[in-house]
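Just below is one structure, and these are the notes that go with it.
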Amino acid sequence: MADFCTVNTFIESVRQRTEHLGHPYAGAHFRAAFARTSEGLRYLTGYALFREKHVPSREPQDYGSILMIEEWERGEDTAIGRLNELMNGSQKIAGNSIPRLFSSTDLQKRIHLSYYDSPGWRYVSRPARIPDGQEVALSQDPLLAYGLPPQLGAFGAINDWIFGIDTPNKIGVSAPEHNWFVTFLPETRAQLRSAEWVPGRLSIEIAASIPADTLQLQALYEHGERKSDLLGIGKGPFDIDVPPSTREIHLFLMHSNNECLAQLHLPRPYQAYGKQKESFSRVQQAMLDLAGGENDFVEYKPFIAPKDEKENEIVETVIAFGNSGGGRIYIGVTDDGTPQGERMLRSVFRSEPSAGLETQKGRVRGLVRERTKPVLAVSPEIVEVHGYRLIMVEVDQGSDPPYSTHENKVFVRKGATNKLADPQADLRPLLSNQNQGWG
């Protein structure tokens, strides 16, 4: 933590920090949010985000009561110069003035990966005084404008669009960082791009612009037989063997000068950070579904050999989900939700497990394409749950019901089973939905 009592000392700190990182930023995005009042535009908050690469500026977001703007300044030195002028009240963002003189700035080093997209240095500049005396109270109503994404409230919209933070609490009386101006310099020397933890294994990817021998990844295992690891950084992704009883993992990316460049906490297995996070959300969904039993949205099926009669059951379930609220089919699972494992996979497909899984995926796609009408969109994916690989088939609620087999059999989902559609109770509403526009 550091404090700067003048604009000059703050700007000098920014210059020194950029020199310390080794290679220049491509420039910076300057952003600001304003509220429309009876007296005109009132400044709410601003942000300067320095970037390694040029990213085109976005169009203004004008919701009537709230205006959010962004402008790109090319080149590190030019961007720092513009920041200096903004702090002194002699510069605009996208033609809009910021009527503030910022007299003091606090500096914090961010290393926790859950807060921003990357670690870095966060400067918060505060005005000497608020010229118009009072803060603007944000409306609690949703922000709505034709052609713009709806927002539950101004607080969440500003946090998302200005600062890039998806806040769970979308409602707030005042703007985030109200009346302040935040400057962020992301860490560029090394970044933890992704981390994926399944029991027994942690997969890591690190990108570095400095020599690898100046970096070290330190892992701390809570309740593990082995307490920690000190690991060198090489090229490309790598795996770490995790002690079986580990409950939590703490990761620290260290520089040889004893500076921590990044810190990540994984509170339990089947957690991920970075590019693996989306795929891990499927794993977490699968864990919940296998623990909760079959229901209106979940169906279990064993591995099924090509041309086995049980393939008809997959077709029926896909149709039932398409005609109802959608759902997920798990293939390679017993009736009680237990994964069958590789031994059963080998037995059914007479091949290596990976080849068997690909065969099962292909059969699902083929069955849906050849035996349903209209053809439903499905996305079978391989997921690993508790160390066992299986197939998860996502089926969305269809937009063109009723769906049926080529023999005109229409199925709907009733609890944990598929039923032929009743002409009055089920089929009539499906036809009505089709005529009125599904959904």
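For the structure tokens, the naming scheme is as follows: chains receive sequential letters (A, B, ...) according to their order of presentation, residues are indexed from 1 within each chain, and ligands are indexed from 1 in presentation order.
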
Please give the complete set of residues from range 147-329 of chain A that DSSP, run on the backbone, assigns to strand (DSSP E or B), formatted as a PyMOL selection string.
chain A and resi 151+181-186+190-198+201-208+215-222+228-232+238-241+248-255+260-266+271-274+295+298-301+327-329

Could you please take those selected residues and save C-alpha atoms as a compact mmCIF listing (two decimals), in the first residue's frame?
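The resulting file, result.txt, is reproduced below:
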# COMPACT_ATOMS: atom_id res chain seq x y z
CA GLN A 151 -29.38 -4.37 -16.60
CA PHE A 181 -10.92 7.60 -10.77
CA VAL A 182 -9.28 4.16 -10.85
CA THR A 183 -6.14 3.31 -12.84
CA PHE A 184 -5.17 -0.32 -13.37
CA LEU A 185 -1.81 -1.64 -14.62
CA PRO A 186 -2.08 -5.40 -15.25
CA ALA A 190 3.90 -13.74 -15.87
CA GLN A 191 0.27 -14.82 -15.73
CA LEU A 192 -1.47 -17.93 -14.47
CA ARG A 193 -3.70 -18.59 -17.48
CA SER A 194 -5.59 -21.65 -16.25
CA ALA A 195 -5.82 -24.20 -13.45
CA GLU A 196 -7.92 -27.36 -13.33
CA TRP A 197 -8.16 -29.64 -10.29
CA VAL A 198 -9.54 -33.16 -10.43
CA ARG A 201 -4.16 -34.08 -10.56
CA LEU A 202 -3.78 -30.34 -11.00
CA SER A 203 -3.29 -29.05 -14.56
CA ILE A 204 -1.60 -25.65 -14.86
CA GLU A 205 -0.84 -23.23 -17.70
CA ILE A 206 1.42 -20.19 -17.18
CA ALA A 207 2.42 -17.53 -19.73
CA ALA A 208 5.63 -15.60 -19.07
CA LEU A 215 9.74 -17.92 -11.69
CA GLN A 216 8.51 -20.59 -9.31
CA LEU A 217 5.05 -22.00 -8.70
CA GLN A 218 4.42 -22.83 -5.05
CA ALA A 219 1.52 -25.12 -4.12
CA LEU A 220 0.14 -25.52 -0.60
CA TYR A 221 -2.15 -28.51 0.09
CA GLU A 222 -4.54 -28.36 3.05
CA SER A 228 3.57 -28.34 -0.42
CA ASP A 229 5.46 -28.31 -3.73
CA LEU A 230 8.02 -25.90 -5.21
CA LEU A 231 7.91 -26.18 -8.98
CA GLY A 232 9.91 -24.72 -11.83
CA PHE A 238 2.00 -29.15 -17.04
CA ASP A 239 0.42 -31.41 -14.40
CA ILE A 240 1.02 -31.72 -10.66
CA ASP A 241 0.30 -34.84 -8.61
CA GLU A 248 -8.02 -27.16 -0.63
CA ILE A 249 -5.16 -25.89 -2.79
CA HIS A 250 -3.42 -22.51 -2.60
CA LEU A 251 -1.19 -21.52 -5.53
CA PHE A 252 1.45 -18.76 -5.50
CA LEU A 253 3.39 -17.60 -8.55
CA MET A 254 6.69 -16.27 -7.19
CA HIS A 255 9.44 -14.13 -8.73
CA CYS A 260 4.33 -12.78 -5.43
CA LEU A 261 2.94 -12.16 -8.92
CA ALA A 262 -0.33 -14.10 -8.55
CA GLN A 263 -2.30 -16.07 -5.98
CA LEU A 264 -5.14 -18.53 -6.57
CA HIS A 265 -7.31 -20.48 -4.12
CA LEU A 266 -9.13 -23.65 -5.22
CA GLN A 271 -12.64 -26.38 -9.43
CA ALA A 272 -11.06 -24.44 -12.28
CA TYR A 273 -9.79 -21.00 -13.20
CA GLY A 274 -9.37 -19.40 -16.62
CA ASN A 295 -36.10 -36.47 -12.39
CA VAL A 298 -32.10 -35.86 -15.60
CA GLU A 299 -31.88 -39.38 -17.11
CA TYR A 300 -29.27 -42.13 -16.53
CA LYS A 301 -28.30 -44.65 -19.21
CA GLY A 327 -32.66 -31.88 -19.71
CA ARG A 328 -29.46 -33.90 -19.49
CA ILE A 329 -28.82 -37.55 -20.29

Within 12 Å of range 415-418 of chain A, counting only C-alpha atoms, which residues show up once you throw out same-chain ones fewer than 5 positions away? Write them as a list in words, please.
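My list of contacting residues is Gly292, Gly293, Glu294, Asn295, Asp296, Phe297, Val298, Glu299, Tyr300, Asn312, Glu313, Ile314, Val315, Glu316, Thr317, Val318, Ile319, Ala320, Phe321, Gly322, Asn323, Ser324, Gly325, Gly327, Arg328, Ile329, Asp335, Lys409 and Val410 of chain A.
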
Pick out the residues sitting within 12 Å of Pro423 in chain A, and hand them over as a ChimeraX atom specification; count only C-alpha atoms, and ignore anything fewer than 4 positions along from it in its own chain.
/A:402,409-412,419,427-431

Taking N, CA and C atoms for each residue, export the selection above as a compact mmCIF listing (two decimals), in the first residue's frame.
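Generated output (part24.txt):
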# COMPACT_ATOMS: atom_id res chain seq x y z
N PRO A 402 -44.49 -30.12 -31.99
CA PRO A 402 -44.04 -31.27 -31.21
C PRO A 402 -42.94 -32.04 -31.94
N LYS A 409 -44.32 -41.01 -33.11
CA LYS A 409 -44.53 -41.16 -31.67
C LYS A 409 -43.97 -39.93 -30.96
N VAL A 410 -44.85 -39.24 -30.22
CA VAL A 410 -44.47 -38.03 -29.49
C VAL A 410 -44.33 -38.36 -28.02
N PHE A 411 -43.17 -38.06 -27.44
CA PHE A 411 -42.93 -38.35 -26.03
C PHE A 411 -42.80 -37.03 -25.25
N VAL A 412 -43.23 -37.07 -23.99
CA VAL A 412 -43.05 -35.95 -23.07
C VAL A 412 -42.46 -36.49 -21.78
N LYS A 419 -43.20 -40.49 -21.39
CA LYS A 419 -44.54 -40.99 -21.66
C LYS A 419 -44.97 -40.57 -23.06
N LEU A 427 -50.48 -33.23 -26.20
CA LEU A 427 -50.26 -32.88 -27.60
C LEU A 427 -50.92 -31.56 -27.99
N ARG A 428 -52.12 -31.33 -27.49
CA ARG A 428 -52.81 -30.08 -27.81
C ARG A 428 -52.01 -28.86 -27.35
N PRO A 429 -51.48 -28.83 -26.10
CA PRO A 429 -50.66 -27.68 -25.71
C PRO A 429 -49.40 -27.52 -26.57
N LEU A 430 -48.79 -28.65 -26.99
CA LEU A 430 -47.60 -28.55 -27.84
C LEU A 430 -47.94 -27.91 -29.18
N LEU A 431 -49.07 -28.32 -29.76
CA LEU A 431 -49.49 -27.74 -31.03
C LEU A 431 -49.87 -26.27 -30.86

Could you jot down the CA of Ser103 in chain A to CA of Gln91 in chain A separation for me, Å, one decimal place?
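Calculated distance between CA of Ser103 in chain A and CA of Gln91 in chain A is 15.7 Å.
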
Taking the DSSP secondary structure from the backbone, can you list the residues of range 160-356 of chain A that are helix (DSSP H, G or I), as a PyMOL selection string?
chain A and resi 160-163+212-214+277-292+311-323+342-349+353-356

Residue contacts of Lys92 in chain A (12 Å, only C-alpha atoms) excluding same-chain residues fewer than 3 positions away, as a PyMOL selection string:
chain A and resi 30-32+43+46+69-71+73+82-89+95-100

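Minimum atom-to-atom distances from A:Gly120, A:Gly27, A:Gly64, A:Pro353 to Leu144 in chain A were compared using only C-alpha atoms, and the lowest value belongs to A:Gly64.
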
Check which residues of range 49-113 of chain A sit at most 12 Å from range 21-24 of chain A using only C-alpha atoms, and return one row each with the closest pair of atoms and their distance in Å to one decimal, ordered by chain and rising number, as CSV.
residue,atom,partner,partner_atom,distance
A:Phe50,CA,A:Pro24,CA,9.9
A:Arg51,CA,A:Pro24,CA,9.3
A:Glu52,CA,A:Pro24,CA,7.6
A:Lys53,CA,A:Pro24,CA,10.0
A:Arg74,CA,A:Pro24,CA,11.3
A:Gly75,CA,A:Pro24,CA,8.1
A:Glu76,CA,A:Pro24,CA,6.1
A:Asp77,CA,A:Pro24,CA,8.7
A:Thr78,CA,A:Pro24,CA,11.4
A:Ala79,CA,A:Pro24,CA,11.1
A:Ile80,CA,A:Pro24,CA,11.4

Selection above as a file: N, CA and C atoms, as a PDB file, in the first residue's frame:
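Result file part39.pdb:
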ATOM      1  N   PHE A  50      -4.826  -0.001 -18.599  1.00  0.00           N
ATOM      2  CA  PHE A  50      -3.706  -0.179 -19.510  1.00  0.00           C
ATOM      3  C   PHE A  50      -3.734  -1.603 -20.050  1.00  0.00           C
ATOM      4  N   ARG A  51      -3.387  -1.740 -21.339  1.00  0.00           N
ATOM      5  CA  ARG A  51      -3.506  -3.036 -22.001  1.00  0.00           C
ATOM      6  C   ARG A  51      -2.223  -3.403 -22.734  1.00  0.00           C
ATOM      7  N   GLU A  52      -1.965  -4.724 -22.783  1.00  0.00           N
ATOM      8  CA  GLU A  52      -0.800  -5.217 -23.518  1.00  0.00           C
ATOM      9  C   GLU A  52      -1.002  -5.133 -25.022  1.00  0.00           C
ATOM     10  N   LYS A  53      -2.263  -5.288 -25.462  1.00  0.00           N
ATOM     11  CA  LYS A  53      -2.579  -5.235 -26.885  1.00  0.00           C
ATOM     12  C   LYS A  53      -3.756  -4.292 -27.102  1.00  0.00           C
ATOM     13  N   ARG A  74      -3.617   5.365 -27.745  1.00  0.00           N
ATOM     14  CA  ARG A  74      -2.562   4.487 -28.223  1.00  0.00           C
ATOM     15  C   ARG A  74      -1.208   4.908 -27.677  1.00  0.00           C
ATOM     16  N   GLY A  75      -0.419   3.915 -27.260  1.00  0.00           N
ATOM     17  CA  GLY A  75       0.938   4.161 -26.797  1.00  0.00           C
ATOM     18  C   GLY A  75       1.010   4.398 -25.296  1.00  0.00           C
ATOM     19  N   GLU A  76       1.980   3.774 -24.663  1.00  0.00           N
ATOM     20  CA  GLU A  76       2.098   3.885 -23.207  1.00  0.00           C
ATOM     21  C   GLU A  76       2.366   5.311 -22.751  1.00  0.00           C
ATOM     22  N   ASP A  77       3.343   5.980 -23.355  1.00  0.00           N
ATOM     23  CA  ASP A  77       3.684   7.338 -22.929  1.00  0.00           C
ATOM     24  C   ASP A  77       2.532   8.298 -23.153  1.00  0.00           C
ATOM     25  N   THR A  78       1.867   8.160 -24.310  1.00  0.00           N
ATOM     26  CA  THR A  78       0.728   9.035 -24.604  1.00  0.00           C
ATOM     27  C   THR A  78      -0.399   8.816 -23.605  1.00  0.00           C
ATOM     28  N   ALA A  79      -0.643   7.550 -23.265  1.00  0.00           N
ATOM     29  CA  ALA A  79      -1.708   7.243 -22.308  1.00  0.00           C
ATOM     30  C   ALA A  79      -1.392   7.815 -20.923  1.00  0.00           C
ATOM     31  N   ILE A  80      -0.139   7.715 -20.506  1.00  0.00           N
ATOM     32  CA  ILE A  80       0.236   8.282 -19.202  1.00  0.00           C
ATOM     33  C   ILE A  80       0.076   9.794 -19.218  1.00  0.00           C
TER      34      ILE A  80
END

Smallest atom-to-atom distance to Asn179 in chain A: which of A:Gln397, A:Thr45, A:Ser118, A:Ser245, using only C-alpha atoms?
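Nearest to Asn179 in chain A: A:Thr45.
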
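From CA of Glu135 in chain A back to CA of His178 in chain A, the distance works out to 8.0 Å.
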
Point-to-point distance in Å for CA of Ile158 in chain A and CA of Leu67 in chain A
9.5 Å

List as a PyMOL selection string the protein and nucleic acid residues near Val368 in chain A, meaning an atom at most 12 Å away when only C-alpha atoms are counted, but skip any in the same chain fewer than 3 places from it.
chain A and resi 311-319+322+361-365+371-380+393+395+403-406

From the list A:Leu107, A:Met344, A:Ala305, A:Leu138, which residue is nearest Phe155 in chain A when using only C-alpha atoms?
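Of A:Leu107, A:Met344, A:Ala305, A:Leu138, the one nearest Phe155 in chain A is A:Leu138, counting only C-alpha atoms.
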